[in-house]
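The structure appears below as structure tokens.
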Amino acid sequence: MTTQAPAYASPADVAAHGPYGPGRTDRPGPLYPFGGRIAADGGHPAEPGRYHLYASYTCPWAQRAVIVRDLAGLRDVVSVSYVDDDRDARGWAFRERRGPDPVNGFTLLAEAYDATEPGYPGHISVPVLWDRRTKRIVSNDFARIPVDLGTAFAEWATEDLYPADLRDAIEALDEEIARDLSQGVHLVARAATQEEYERRRAGVAAALDRLDARLAGRRYLFGDRLTESDVQLWVVLVRYDLLHNPLAGITERPLTSYRHLWAYARDLYRIPAFRETTDFAAFRLGARPARQGEGTARIAVEPHEADWDEPHGREALTGKHA
């Protein structure tokens with residue numbers, strides 16, 4: 001009996017296919033149109049083995065979803081696979097570097113979108129939550145997928161990243177982190193005027209200072225309890241010195257100069273869910289597109305390599321994962 005070879009897309013080729021974005025990300029309408037939710041009484045009930053997560057090592061939002069899955073103890077409940085790091089106009093693809101699509105045998109993630117909405121013309125994003133039973137996308141709402149993974153599968157979960165008594169506070173802090181850091185670093189890169197560039201980079205720097213101070217006397221953002229907010233912050237921090245700061249020119253200070261943030265980031269990196277979903281090679285600039293705000297005078301920031309295995313020294317701060 002012969003085994004069928006895995007199906008892979010051809011190498012990313014911008015010269016042949018064009019860059020990703022034009023005609024996809026600039027179309028009218030919602031950028032992330034699939035917003036199904038996992039709910040006990042909804043059309044997408046929580047069931048072990050039913051759902052698959054398509055992710056990318058390069059995308060912080062995708063890593064956030066996978067970390068939540070792993071921290072919650074759902075590795076055997078929701079499966080995951082990765083697209084290749086490189087894109088051309090065809091969008092995310094499955095290549096040998098990250099492995100094939102184990103669920104559908106797709107070579108392009110666009111096929112999942114077309115299976116859900118034939119002729120789908122819009123943005124092809126990760127993460128994607130796929131329903132094996134209906135063979136359709138449940139959601140590509142990057143903000144909501146981690147919430148559903150962290151709450152809807154409570155029957156099988158071993159960790160609660162959204163404790164009821166902190167849920168309102170978690171949502172408020174998540175909104176702050178998303179606005180000031182997760183989106184903030186990209187807005188600095190896209191700033192079209194000098195005034196906008198200076199204002200936006202000052203906002204990111206202020207957020208880093210604020211969070212550094214918050215972590216001075218507590219192990220995690222909410223004290224000794226690791227929550228989804230820590231995941232949201234960490235996926236920005238782990239990319240900051242190799243990607244966000246060199247690409248956007250945010251500040252002369254590397255993450256390593258923030259005493260508490262840097263130790264906190266290393267502390268989390270020792271937890272398998274953070275370490276095992278991280279590939280630093282995927283963050284390095286390489287052939288990434290130039291920032292859009294090229295009409296501004298920006299500070300030059302070189303990528304900063306750091307020792308993530310350096311002792312973090314936060315053992316005296318109590319925490320569940322100590």
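Scheme for the structure tokens: letters A, B, ... for chains in order shown; per-chain residue numbers from 1; ligand numbers from 1 in order shown.
Neighbouring residues of Ser81 (chain A) at 10 Å or closer, counting only C-alpha atoms and skipping chain neighbours under 5 positions away, are His52, Leu53, Tyr54, Ala55, Ser56, Val66, Phe94, Arg98, Gly99, Pro100, Asp101, Pro102 and Val103 of chain A.
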**Study point:** Contact residues around Glu198 (chain A) with only C-alpha atoms at 12 Å, ignoring same-chain residues under 4 positions, as a ChimeraX atom specification
**Key:** /A:187-194,202-205,248-251,293,296-299
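If only C-alpha atoms are the atoms counted, then among A:Asp174, A:Glu276, A:Glu111, A:Glu302 the closest residue to Tyr240 (chain A) is A:Glu302.
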Proximity check region 87-203 of chain A to region 58-63 of chain A, 10 Å, nearest pairs one decimal Å, only C-alpha atoms, as CSV:
```
residue,atom,partner,partner_atom,distance
A:Ser125,CA,A:Ala62,CA,9.3
A:Val126,CA,A:Ala62,CA,5.9
A:Pro127,CA,A:Ala62,CA,4.6
A:Val128,CA,A:Ala62,CA,8.2
A:Asn140,CA,A:Ala62,CA,10.0
A:Asp141,CA,A:Trp61,CA,9.7
A:Phe142,CA,A:Trp61,CA,6.0
A:Ala143,CA,A:Trp61,CA,7.5
A:Ile145,CA,A:Ala62,CA,9.2
A:Pro146,CA,A:Trp61,CA,8.9
A:Ser182,CA,A:Pro60,CA,8.4
```
Check your understanding: What residues in region 126-252 of chain A get the DSSP label helix (DSSP H, G or I)? Please answer as number ranges by chain.
Key -> A: 145-151, 164-182, 184-190, 194-214, 228-248
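For the set A:Val138, A:Leu166, A:Ala9, A:Ala112, the residue with the smallest atom-to-atom gap to Thr227 (chain A) is A:Leu166, counting only C-alpha atoms.
You can rank A:Leu317, A:Val147, A:Ala300, A:Ala273 by their closest distance to Glu252 (chain A) using only C-alpha atoms, and at the top of that list sits A:Ala300.
CA of Leu247 (chain A) is positioned 7.9 Å from CA of Val301 (chain A).
Taking only C-alpha atoms, the non-local environment of Arg37 (chain A) within 10 Å (same-chain residues fewer than 6 positions away omitted) comprises Gly43, His44, Pro45, Ala46, Leu129, Val138, Ser139, Asp141, Arg144, Ile145, Val147, Asp148, Leu149 and Ala152 of chain A.
Ranking A:Phe280, A:Trp308, A:Tyr220, A:Trp92 by their shortest atom-to-atom distance to Tyr8 (chain A), with only C-alpha atoms included, puts A:Trp92 first.
With only C-alpha atoms as the atoms that count, the residue of A:Val14, A:Val231, A:Leu31, A:Ala72 with the shortest distance to Ile170 (chain A) is A:Val231.
Of the listed residues (A:Arg133, A:Asp212, A:Glu228, A:Pro30), A:Glu228 comes nearest to Glu159 (chain A); the distances count only C-alpha atoms.
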